[in-house]
Every structure is written in C-alpha cells, then in structure tokens.
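Novice: Just input06.tsv, nothing more (TSV, N, CA and C atoms):
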```tsv
chain	number	residue	atom	x	y	z
R	246	MET	N	-90.27	-6.89	-36.42
R	246	MET	CA	-89.05	-6.57	-35.71
R	246	MET	C	-89.22	-6.73	-34.21
R	247	THR	N	-90.40	-6.36	-33.69
R	247	THR	CA	-90.65	-6.46	-32.27
R	247	THR	C	-90.68	-7.91	-31.81
R	248	SER	N	-91.26	-8.80	-32.60
R	248	SER	CA	-91.30	-10.21	-32.22
R	248	SER	C	-89.89	-10.81	-32.23
R	249	MET	N	-89.05	-10.36	-33.13
R	249	MET	CA	-87.66	-10.83	-33.19
R	249	MET	C	-86.92	-10.41	-31.93
R	250	MET	N	-87.16	-9.18	-31.46
R	250	MET	CA	-86.52	-8.71	-30.23
R	250	MET	C	-87.03	-9.50	-29.03
R	251	ALA	N	-88.33	-9.83	-29.03
R	251	ALA	CA	-88.91	-10.60	-27.93
R	251	ALA	C	-88.30	-12.00	-27.88
R	252	VAL	N	-88.13	-12.63	-29.04
R	252	VAL	CA	-87.52	-13.96	-29.10
R	252	VAL	C	-86.07	-13.89	-28.62
R	253	THR	N	-85.34	-12.90	-29.08
R	253	THR	CA	-83.95	-12.72	-28.67
R	253	THR	C	-83.86	-12.51	-27.16
R	254	LEU	N	-84.73	-11.67	-26.62
R	254	LEU	CA	-84.75	-11.40	-25.19
R	254	LEU	C	-85.09	-12.66	-24.40
R	255	THR	N	-86.04	-13.44	-24.88
R	255	THR	CA	-86.41	-14.69	-24.22
R	255	THR	C	-85.24	-15.67	-24.20
R	256	ILE	N	-84.55	-15.79	-25.31
R	256	ILE	CA	-83.38	-16.68	-25.39
R	256	ILE	C	-82.29	-16.20	-24.44
R	257	LEU	N	-82.05	-14.91	-24.40
R	257	LEU	CA	-81.03	-14.35	-23.52
R	257	LEU	C	-81.37	-14.59	-22.05
R	258	VAL	N	-82.61	-14.35	-21.66
R	258	VAL	CA	-83.03	-14.56	-20.27
R	258	VAL	C	-82.90	-16.04	-19.90
R	259	THR	N	-83.30	-16.93	-20.80
R	259	THR	CA	-83.19	-18.37	-20.55
R	259	THR	C	-81.72	-18.77	-20.37
R	260	PHE	N	-80.87	-18.29	-21.25
R	260	PHE	CA	-79.44	-18.58	-21.18
R	260	PHE	C	-78.84	-18.09	-19.87
R	261	LEU	N	-79.16	-16.87	-19.48
R	261	LEU	CA	-78.63	-16.31	-18.23
R	261	LEU	C	-79.14	-17.06	-17.01
R	262	SER	N	-80.39	-17.51	-17.03
R	262	SER	CA	-80.91	-18.25	-15.88
R	262	SER	C	-80.24	-19.61	-15.76
R	263	VAL	N	-79.92	-20.24	-16.89
R	263	VAL	CA	-79.20	-21.52	-16.85
R	263	VAL	C	-77.81	-21.30	-16.29
R	264	LEU	N	-77.13	-20.26	-16.73
R	264	LEU	CA	-75.80	-19.96	-16.22
R	264	LEU	C	-75.82	-19.67	-14.73
R	265	SER	N	-76.75	-18.88	-14.28
R	265	SER	CA	-76.79	-18.51	-12.87
R	265	SER	C	-77.15	-19.70	-12.00
R	266	SER	N	-78.01	-20.60	-12.45
R	266	SER	CA	-78.35	-21.77	-11.64
R	266	SER	C	-77.18	-22.74	-11.57
R	267	ALA	N	-76.37	-22.80	-12.62
R	267	ALA	CA	-75.21	-23.69	-12.61
R	267	ALA	C	-74.11	-23.18	-11.70
R	268	SER	N	-74.05	-21.87	-11.52
R	268	SER	CA	-72.96	-21.31	-10.72
R	268	SER	C	-73.41	-20.81	-9.37
R	269	CYS	N	-74.67	-21.03	-8.99
R	269	CYS	CA	-75.15	-20.48	-7.73
R	269	CYS	C	-74.50	-21.15	-6.53
R	270	ALA	N	-74.02	-22.38	-6.68
R	270	ALA	CA	-73.39	-23.07	-5.56
R	270	ALA	C	-72.06	-22.44	-5.19
R	271	ARG	N	-71.43	-21.73	-6.12
R	271	ARG	CA	-70.12	-21.14	-5.86
R	271	ARG	C	-70.08	-19.73	-6.40
R	272	MET	N	-69.85	-18.79	-5.52
R	272	MET	CA	-69.81	-17.39	-5.92
R	272	MET	C	-68.54	-17.12	-6.71
R	273	VAL	N	-68.67	-16.44	-7.82
R	273	VAL	CA	-67.51	-16.10	-8.64
R	273	VAL	C	-66.58	-15.22	-7.82
R	274	GLY	N	-65.31	-15.60	-7.78
R	274	GLY	CA	-64.33	-14.83	-7.03
R	274	GLY	C	-64.29	-15.18	-5.56
R	275	GLY	N	-65.20	-16.01	-5.09
R	275	GLY	CA	-65.21	-16.42	-3.68
R	275	GLY	C	-64.29	-17.60	-3.46
R	276	LYS	N	-63.90	-17.80	-2.20
R	276	LYS	CA	-63.06	-18.95	-1.85
R	276	LYS	C	-63.91	-20.20	-1.75
R	277	ALA	N	-63.34	-21.31	-2.17
R	277	ALA	CA	-64.02	-22.60	-2.09
R	277	ALA	C	-63.08	-23.62	-1.46
R	278	GLU	N	-63.60	-24.41	-0.53
R	278	GLU	CA	-62.81	-25.47	0.10
R	278	GLU	C	-62.41	-26.50	-0.95
R	279	ILE	N	-61.22	-27.02	-0.83
R	279	ILE	CA	-60.77	-28.10	-1.69
R	279	ILE	C	-60.89	-29.39	-0.87
R	280	PRO	N	-61.72	-30.32	-1.34
R	280	PRO	CA	-61.89	-31.56	-0.57
R	280	PRO	C	-60.70	-32.50	-0.75
R	281	ASP	N	-60.52	-33.39	0.21
R	281	ASP	CA	-59.51	-34.46	0.13
R	281	ASP	C	-58.11	-33.93	-0.16
R	282	VAL	N	-57.70	-32.88	0.54
R	282	VAL	CA	-56.39	-32.27	0.25
R	282	VAL	C	-55.23	-33.23	0.47
R	283	ARG	N	-55.36	-34.13	1.41
R	283	ARG	CA	-54.24	-35.04	1.70
R	283	ARG	C	-53.96	-36.00	0.55
R	284	THR	N	-54.95	-36.23	-0.31
R	284	THR	CA	-54.74	-37.12	-1.47
R	284	THR	C	-54.68	-36.35	-2.78
R	285	ASN	N	-54.77	-35.04	-2.73
R	285	ASN	CA	-54.74	-34.20	-3.92
R	285	ASN	C	-53.29	-33.88	-4.27
R	286	ARG	N	-52.78	-34.49	-5.32
R	286	ARG	CA	-51.36	-34.31	-5.69
R	286	ARG	C	-51.01	-32.86	-5.98
R	287	GLU	N	-51.88	-32.18	-6.72
R	287	GLU	CA	-51.60	-30.79	-7.09
R	287	GLU	C	-51.46	-29.91	-5.85
R	288	VAL	N	-52.37	-30.07	-4.90
R	288	VAL	CA	-52.33	-29.27	-3.68
R	288	VAL	C	-51.09	-29.60	-2.86
R	289	GLN	N	-50.76	-30.88	-2.76
R	289	GLN	CA	-49.56	-31.27	-2.00
R	289	GLN	C	-48.29	-30.72	-2.66
R	290	GLU	N	-48.25	-30.73	-3.98
R	290	GLU	CA	-47.09	-30.16	-4.68
R	290	GLU	C	-47.00	-28.64	-4.46
R	291	LEU	N	-48.14	-27.97	-4.40
R	291	LEU	CA	-48.12	-26.53	-4.11
R	291	LEU	C	-47.62	-26.26	-2.70
R	292	GLY	N	-47.95	-27.12	-1.77
R	292	GLY	CA	-47.42	-27.00	-0.41
R	292	GLY	C	-45.92	-27.19	-0.37
R	293	ARG	N	-45.45	-28.21	-1.08
R	293	ARG	CA	-44.00	-28.46	-1.16
R	293	ARG	C	-43.29	-27.27	-1.81
R	294	PHE	N	-43.89	-26.74	-2.89
R	294	PHE	CA	-43.36	-25.57	-3.57
R	294	PHE	C	-43.25	-24.39	-2.59
R	295	SER	N	-44.27	-24.16	-1.78
R	295	SER	CA	-44.27	-23.06	-0.81
R	295	SER	C	-43.10	-23.16	0.15
R	296	VAL	N	-42.89	-24.37	0.69
R	296	VAL	CA	-41.79	-24.58	1.65
R	296	VAL	C	-40.44	-24.41	0.95
R	297	GLU	N	-40.32	-24.93	-0.27
R	297	GLU	CA	-39.06	-24.78	-1.01
R	297	GLU	C	-38.77	-23.31	-1.30
R	298	GLU	N	-39.79	-22.55	-1.66
R	298	GLU	CA	-39.59	-21.12	-1.91
R	298	GLU	C	-39.18	-20.39	-0.63
R	299	TYR	N	-39.79	-20.74	0.49
R	299	TYR	CA	-39.41	-20.16	1.77
R	299	TYR	C	-37.93	-20.47	2.05
R	300	ASN	N	-37.54	-21.73	1.90
R	300	ASN	CA	-36.15	-22.13	2.15
R	300	ASN	C	-35.19	-21.44	1.19
R	301	HIS	N	-35.62	-21.28	-0.06
R	301	HIS	CA	-34.79	-20.57	-1.05
R	301	HIS	C	-34.59	-19.13	-0.61
R	302	GLY	N	-35.61	-18.51	-0.04
R	302	GLY	CA	-35.49	-17.15	0.47
R	302	GLY	C	-34.47	-17.05	1.58
R	303	LEU	N	-34.36	-18.10	2.39
R	303	LEU	CA	-33.35	-18.09	3.46
R	303	LEU	C	-31.95	-17.97	2.87
R	304	LYS	N	-31.72	-18.68	1.76
R	304	LYS	CA	-30.42	-18.61	1.09
R	304	LYS	C	-30.13	-17.19	0.63
R	305	LEU	N	-31.14	-16.54	0.10
R	305	LEU	CA	-30.95	-15.20	-0.45
R	305	LEU	C	-30.74	-14.16	0.64
R	306	TRP	N	-31.26	-14.41	1.84
R	306	TRP	CA	-31.18	-13.41	2.91
R	306	TRP	C	-29.88	-13.45	3.69
R	307	GLY	N	-29.10	-14.49	3.53
R	307	GLY	CA	-27.87	-14.52	4.31
R	307	GLY	C	-27.08	-15.77	4.06
R	308	ASN	N	-26.15	-16.02	4.95
R	308	ASN	CA	-25.29	-17.18	4.86
R	308	ASN	C	-26.13	-18.45	5.02
R	309	TYR	N	-26.16	-19.28	3.99
R	309	TYR	CA	-27.04	-20.45	4.01
R	309	TYR	C	-26.64	-21.43	5.10
R	310	SER	N	-25.35	-21.54	5.41
R	310	SER	CA	-24.94	-22.50	6.45
R	310	SER	C	-25.54	-22.09	7.79
R	311	ASP	N	-25.65	-20.78	8.07
R	311	ASP	CA	-26.30	-20.33	9.30
R	311	ASP	C	-27.79	-20.59	9.25
R	312	ASN	N	-28.38	-20.47	8.07
R	312	ASN	CA	-29.82	-20.64	7.93
R	312	ASN	C	-30.23	-22.10	7.79
R	313	GLU	N	-29.29	-23.01	7.64
R	313	GLU	CA	-29.62	-24.42	7.53
R	313	GLU	C	-30.46	-24.87	8.73
R	314	ARG	N	-30.17	-24.28	9.89
R	314	ARG	CA	-30.94	-24.61	11.10
R	314	ARG	C	-32.37	-24.11	11.00
R	315	GLU	N	-32.61	-23.07	10.21
R	315	GLU	CA	-33.94	-22.49	10.10
R	315	GLU	C	-34.77	-23.16	9.00
R	316	LYS	N	-34.14	-23.99	8.21
R	316	LYS	CA	-34.80	-24.62	7.08
R	316	LYS	C	-36.00	-25.46	7.53
R	317	LEU	N	-37.08	-25.39	6.77
R	317	LEU	CA	-38.28	-26.17	7.05
R	317	LEU	C	-38.28	-27.44	6.20
R	318	ASN	N	-38.88	-28.48	6.74
R	318	ASN	CA	-39.09	-29.72	5.98
R	318	ASN	C	-40.59	-29.92	5.81
R	319	PHE	N	-41.02	-29.97	4.57
R	319	PHE	CA	-42.43	-30.12	4.25
R	319	PHE	C	-42.96	-31.46	4.76
R	320	SER	N	-44.13	-31.43	5.40
R	320	SER	CA	-44.81	-32.66	5.80
R	320	SER	C	-46.02	-32.89	4.90
R	321	GLU	N	-47.03	-31.99	5.00
R	321	GLU	CA	-48.21	-32.13	4.16
R	321	GLU	C	-49.07	-30.88	4.24
R	322	VAL	N	-49.93	-30.72	3.24
R	322	VAL	CA	-50.97	-29.69	3.28
R	322	VAL	C	-52.15	-30.33	3.99
R	323	VAL	N	-52.67	-29.66	5.01
R	323	VAL	CA	-53.77	-30.23	5.79
R	323	VAL	C	-55.11	-29.57	5.49
R	324	GLU	N	-55.09	-28.37	4.92
R	324	GLU	CA	-56.30	-27.63	4.55
R	324	GLU	C	-55.99	-26.80	3.33
R	325	ALA	N	-56.98	-26.62	2.47
R	325	ALA	CA	-56.76	-25.79	1.29
R	325	ALA	C	-58.07	-25.20	0.79
R	326	GLN	N	-57.95	-23.99	0.29
R	326	GLN	CA	-59.04	-23.31	-0.39
R	326	GLN	C	-58.49	-22.77	-1.69
R	327	GLN	N	-59.39	-22.54	-2.64
R	327	GLN	CA	-58.97	-21.91	-3.89
R	327	GLN	C	-59.94	-20.80	-4.25
R	328	GLN	N	-59.41	-19.85	-5.00
R	328	GLN	CA	-60.19	-18.69	-5.44
R	328	GLN	C	-59.79	-18.38	-6.86
R	329	VAL	N	-60.78	-18.25	-7.73
R	329	VAL	CA	-60.49	-17.91	-9.13
R	329	VAL	C	-60.27	-16.41	-9.20
R	330	VAL	N	-59.08	-16.04	-9.63
R	330	VAL	CA	-58.69	-14.64	-9.83
R	330	VAL	C	-58.12	-14.58	-11.24
R	331	SER	N	-57.09	-13.84	-11.47
R	331	SER	CA	-56.39	-13.90	-12.75
R	331	SER	C	-55.46	-15.11	-12.63
R	332	GLY	N	-56.05	-16.28	-12.74
R	332	GLY	CA	-55.39	-17.54	-12.43
R	332	GLY	C	-56.17	-18.15	-11.27
R	333	VAL	N	-55.50	-18.99	-10.49
R	333	VAL	CA	-56.13	-19.58	-9.31
R	333	VAL	C	-55.25	-19.28	-8.11
R	334	LYS	N	-55.86	-18.70	-7.08
R	334	LYS	CA	-55.15	-18.41	-5.84
R	334	LYS	C	-55.47	-19.52	-4.85
R	335	TYR	N	-54.42	-20.13	-4.31
R	335	TYR	CA	-54.57	-21.21	-3.34
R	335	TYR	C	-54.18	-20.71	-1.95
R	336	TYR	N	-55.02	-20.99	-0.98
R	336	TYR	CA	-54.77	-20.68	0.42
R	336	TYR	C	-54.51	-22.01	1.10
R	337	LEU	N	-53.29	-22.20	1.58
R	337	LEU	CA	-52.89	-23.50	2.11
R	337	LEU	C	-52.54	-23.42	3.59
R	338	MET	N	-52.88	-24.46	4.33
R	338	MET	CA	-52.42	-24.64	5.69
R	338	MET	C	-51.47	-25.83	5.63
R	339	ILE	N	-50.20	-25.55	5.94
R	339	ILE	CA	-49.13	-26.52	5.72
R	339	ILE	C	-48.54	-26.97	7.05
R	340	SER	N	-48.34	-28.27	7.17
R	340	SER	CA	-47.62	-28.84	8.29
R	340	SER	C	-46.17	-29.05	7.83
R	341	ALA	N	-45.24	-28.53	8.62
R	341	ALA	CA	-43.82	-28.68	8.30
R	341	ALA	C	-43.06	-28.84	9.60
R	342	THR	N	-41.85	-29.39	9.50
R	342	THR	CA	-41.03	-29.51	10.71
R	342	THR	C	-39.94	-28.45	10.69
R	343	HIS	N	-39.68	-27.92	11.86
R	343	HIS	CA	-38.65	-26.91	12.05
R	343	HIS	C	-37.84	-27.35	13.27
R	344	LYS	N	-36.58	-27.68	13.03
R	344	LYS	CA	-35.71	-28.21	14.09
R	344	LYS	C	-36.35	-29.42	14.76
R	345	GLY	N	-37.00	-30.27	13.96
R	345	GLY	CA	-37.61	-31.50	14.46
R	345	GLY	C	-38.98	-31.33	15.10
R	346	VAL	N	-39.50	-30.10	15.14
R	346	VAL	CA	-40.79	-29.84	15.76
R	346	VAL	C	-41.82	-29.53	14.66
R	347	HIS	N	-42.97	-30.20	14.73
R	347	HIS	CA	-44.05	-29.92	13.76
R	347	HIS	C	-44.67	-28.57	14.07
R	348	LYS	N	-44.82	-27.78	13.01
R	348	LYS	CA	-45.45	-26.46	13.13
R	348	LYS	C	-46.38	-26.28	11.94
R	349	MET	N	-47.32	-25.34	12.09
R	349	MET	CA	-48.28	-25.04	11.02
R	349	MET	C	-47.92	-23.69	10.40
R	350	PHE	N	-48.06	-23.62	9.09
R	350	PHE	CA	-47.77	-22.40	8.34
R	350	PHE	C	-48.91	-22.13	7.37
R	351	SER	N	-49.19	-20.86	7.15
R	351	SER	CA	-50.18	-20.49	6.13
R	351	SER	C	-49.42	-19.98	4.91
R	352	SER	N	-49.98	-20.30	3.76
R	352	SER	CA	-49.33	-19.95	2.50
R	352	SER	C	-50.39	-19.54	1.49
R	353	VAL	N	-50.00	-18.62	0.61
R	353	VAL	CA	-50.87	-18.23	-0.50
R	353	VAL	C	-50.01	-18.31	-1.77
R	354	VAL	N	-50.52	-19.06	-2.75
R	354	VAL	CA	-49.82	-19.26	-4.02
R	354	VAL	C	-50.79	-18.94	-5.16
R	355	VAL	N	-50.31	-18.22	-6.16
R	355	VAL	CA	-51.10	-17.96	-7.36
R	355	VAL	C	-50.51	-18.77	-8.51
R	356	VAL	N	-51.39	-19.50	-9.19
R	356	VAL	CA	-50.99	-20.31	-10.33
R	356	VAL	C	-51.67	-19.77	-11.58
R	357	LYS	N	-50.86	-19.53	-12.61
R	357	LYS	CA	-51.37	-19.10	-13.91
R	357	LYS	C	-50.92	-20.14	-14.93
R	358	PRO	N	-51.76	-21.16	-15.16
R	358	PRO	CA	-51.34	-22.28	-16.02
R	358	PRO	C	-50.94	-21.86	-17.44
R	359	TRP	N	-51.62	-20.86	-17.99
R	359	TRP	CA	-51.31	-20.45	-19.36
R	359	TRP	C	-49.94	-19.79	-19.47
R	360	LEU	N	-49.40	-19.34	-18.35
R	360	LEU	CA	-48.05	-18.77	-18.33
R	360	LEU	C	-47.03	-19.74	-17.74
R	361	HIS	N	-47.51	-20.92	-17.33
R	361	HIS	CA	-46.67	-21.90	-16.65
R	361	HIS	C	-45.99	-21.26	-15.45
R	362	SER	N	-46.78	-20.51	-14.66
R	362	SER	CA	-46.18	-19.77	-13.55
R	362	SER	C	-46.86	-20.09	-12.23
R	363	LYS	N	-46.04	-20.13	-11.18
R	363	LYS	CA	-46.49	-20.25	-9.80
R	363	LYS	C	-45.76	-19.16	-9.03
R	364	GLN	N	-46.47	-18.47	-8.16
R	364	GLN	CA	-45.84	-17.41	-7.37
R	364	GLN	C	-46.29	-17.51	-5.93
R	365	LEU	N	-45.33	-17.55	-5.02
R	365	LEU	CA	-45.62	-17.55	-3.60
R	365	LEU	C	-45.87	-16.11	-3.17
R	366	LEU	N	-47.08	-15.83	-2.68
R	366	LEU	CA	-47.42	-14.48	-2.25
R	366	LEU	C	-47.26	-14.28	-0.75
R	367	HIS	N	-47.44	-15.35	0.00
R	367	HIS	CA	-47.42	-15.24	1.46
R	367	HIS	C	-46.98	-16.58	2.05
R	368	PHE	N	-46.14	-16.51	3.09
R	368	PHE	CA	-45.76	-17.70	3.84
R	368	PHE	C	-45.39	-17.24	5.24
R	369	ALA	N	-46.10	-17.76	6.23
R	369	ALA	CA	-45.85	-17.33	7.61
R	369	ALA	C	-46.37	-18.38	8.58
R	370	PRO	N	-45.87	-18.36	9.82
R	370	PRO	CA	-46.44	-19.26	10.82
R	370	PRO	C	-47.94	-19.00	10.94
R	371	ALA	N	-48.70	-20.08	11.08
R	371	ALA	CA	-50.16	-19.95	11.20
R	371	ALA	C	-50.50	-19.41	12.57
R	372	SER	N	-51.54	-18.62	12.60
R	372	SER	CA	-52.05	-18.10	13.86
R	372	SER	C	-52.64	-19.26	14.64
R	373	THR	N	-52.33	-19.36	15.93
R	373	THR	CA	-52.86	-20.44	16.74
R	373	THR	C	-54.32	-20.23	17.09
R	374	SER	N	-54.78	-18.98	17.04
R	374	SER	CA	-56.18	-18.70	17.38
R	374	SER	C	-57.12	-18.87	16.21
R	375	ASN	N	-56.58	-18.79	14.98
R	375	ASN	CA	-57.45	-18.88	13.82
R	375	ASN	C	-56.68	-19.52	12.68
R	376	THR	N	-56.83	-20.83	12.49
R	376	THR	CA	-56.09	-21.51	11.43
R	376	THR	C	-56.78	-21.41	10.10
R	377	LYS	N	-58.05	-21.05	10.05
R	377	LYS	CA	-58.75	-20.84	8.76
R	377	LYS	C	-58.36	-19.48	8.24
R	378	GLN	N	-58.24	-19.38	6.90
R	378	GLN	CA	-57.89	-18.09	6.31
R	378	GLN	C	-59.09	-17.43	5.73
```
Take the structure in this file and express it as structure tokens.
Specialist:
Amino acid sequence: MTSMMAVTLTILVTFLSVLSSASCARMVGGKAEIPDVRTNREVQELGRFSVEEYNHGLKLWGNYSDNEREKLNFSEVVEAQQQVVSGVKYYLMISATHKGVHKMFSSVVVVKPWLHSKQLLHFAPASTSNTKQ
C-alpha cells in the first residue's frame, strides 16, 4: 500500500510541475497584453461595442437630439489587455472622435462566451497622465 501511495504521489507531483511550468509565463488572474490589437478583429469589435454602448446610454439619459452632439465615433482600439475572470475581462484604450476631435477613452468589457454575453463595465475619458490601466 505504501508503494502505491508513493507512485501516486510521484505522478501527482510530476503532473503539477508540468502544469506550473506551462503556466508560469502568465499568472492566473493577472492581466496580459494583447499583441497586434490593430489587426485583432475581436478586440476591435469590443471597442466598437464599447462606443455603441456609451452612445446608447446617451439616448437613455435624455433627449437624443440634444445628445447627438455628444455622440462618439469609434476609430480604433490602440491598446488592450485581458484578464481571465468569470469569463474574460478586456481593458481597452480606444481612440474615438468627439465633435471631430480625436480623443482617448478607457473601457472595460466582460465577455462570457458560454452565455453569449458582453457587458460594458466602464467607459470614460482616458487619463492623460497614465494611459495604461
């Protein structure tokens, strides 16, 4: 019985060391940069979704004809990070135009593919002193 436990323990330790070496480059739950965001369709669509949700909120907050001037036009996502949570949380730096002027906005979106859901958690003008989130 003792040798069986030793074999089981050895297999378990080997399995855990393989798992930890495969994931050591990225901490579970930590943010990771998304490379090539300008060519990443999914990230660009999430940026467009963020701006559309912001504009939709303008409609809900008041007379849309008055808010038409406040409406943003999506340009592109210029930076992105992702974090595995209950789904995937995306931290986006978005370029959009407001009254013809390019401005930067930060956005946080959670995607839960198994529920076919996207939720905008945060959307605001980006801080000029710190554009990284």
Novice: What's the separation between atom CA of R:Gln327 and atom C of R:Glu287, in Å to one decimal place?
Specialist: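 Between atom CA of R:Gln327 and atom C of R:Glu287 the gap is 11.1 Å.
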Novice: Pick out the residues sitting within 7 Å of stretch 366-371 of chain R, and hand them over as a list in words; count all atoms listed in the file, and ignore anything fewer than 4 positions along from it in its own chain.
Specialist: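 The residues satisfying every condition are Lys348, Met349, Phe350, Ser351, Ser352, Val353, Val354, Val355, Asn375 and Thr376 of chain R.
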Novice: Please, what distance in Å, to one decimal, runs between atom C of R:His347 and atom C of R:Val296?
Specialist: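 So the two atoms, atom C of R:His347 and atom C of R:Val296, lie 14.4 Å apart.
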Novice: For R:Gly275, which of R:His361, R:Gly345, R:Ser372, R:Val329 is the closest residue, counting only N, CA and C atoms?
Specialist: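 Between R:His361, R:Gly345, R:Ser372, R:Val329, the residue approaching R:Gly275 most closely is R:Val329.
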Novice: Tell me, in Å to one decimal, how far atom CA of R:Ser295 is from atom CA of R:Leu337.
Specialist: 9.1 Å
Novice: Using only C-alpha atoms and a cutoff of 7 Å, can you tell me which residues are near (-48.7, -31.1, 3.2) in the file's coordinates, and write them out as a PyMOL selection string?
Specialist: chain R and resi 283+289+292-293+319-323+339-340
Novice: Give me, as a VMD selection string, the residues of stretch 288-339 of chain R that a backbone DSSP run labels strand (DSSP E).
Specialist: chain R and resid 317 to 330 332 to 339
Novice: Leaving out R:Gln326 and any residue of its chain fewer than 6 positions from it, which residues lie within 6 Å of it when counting all atoms listed in the file, given as a list of chain:residue names?
Specialist: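 That gives R:Lys276, R:Ala277, R:Glu278, R:Ile279, R:Lys334, R:Tyr335, R:Tyr336, R:Leu337.
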Novice: Would you mind listing what lies within 6 Å of R:Asn300 as a list of chain:residue names, with only C-alpha atoms counted and same-chain residues fewer than 3 positions away left out?
Specialist: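 Close residues of R:Asn300: R:Glu297, R:Leu303, R:Lys316.
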Novice: For R:Val333, which residue among R:Pro280, R:Asn318, R:Trp359, R:Gly302 is the nearest when counting only C-alpha atoms?
Specialist: R:Trp359
Novice: Among stretch 266-371 of chain R, which ones does DSSP place in helix (DSSP H, G or I), written as a ChimeraX atom specification?
Specialist: /R:266-268,282-284,286-306,309-315,358-360
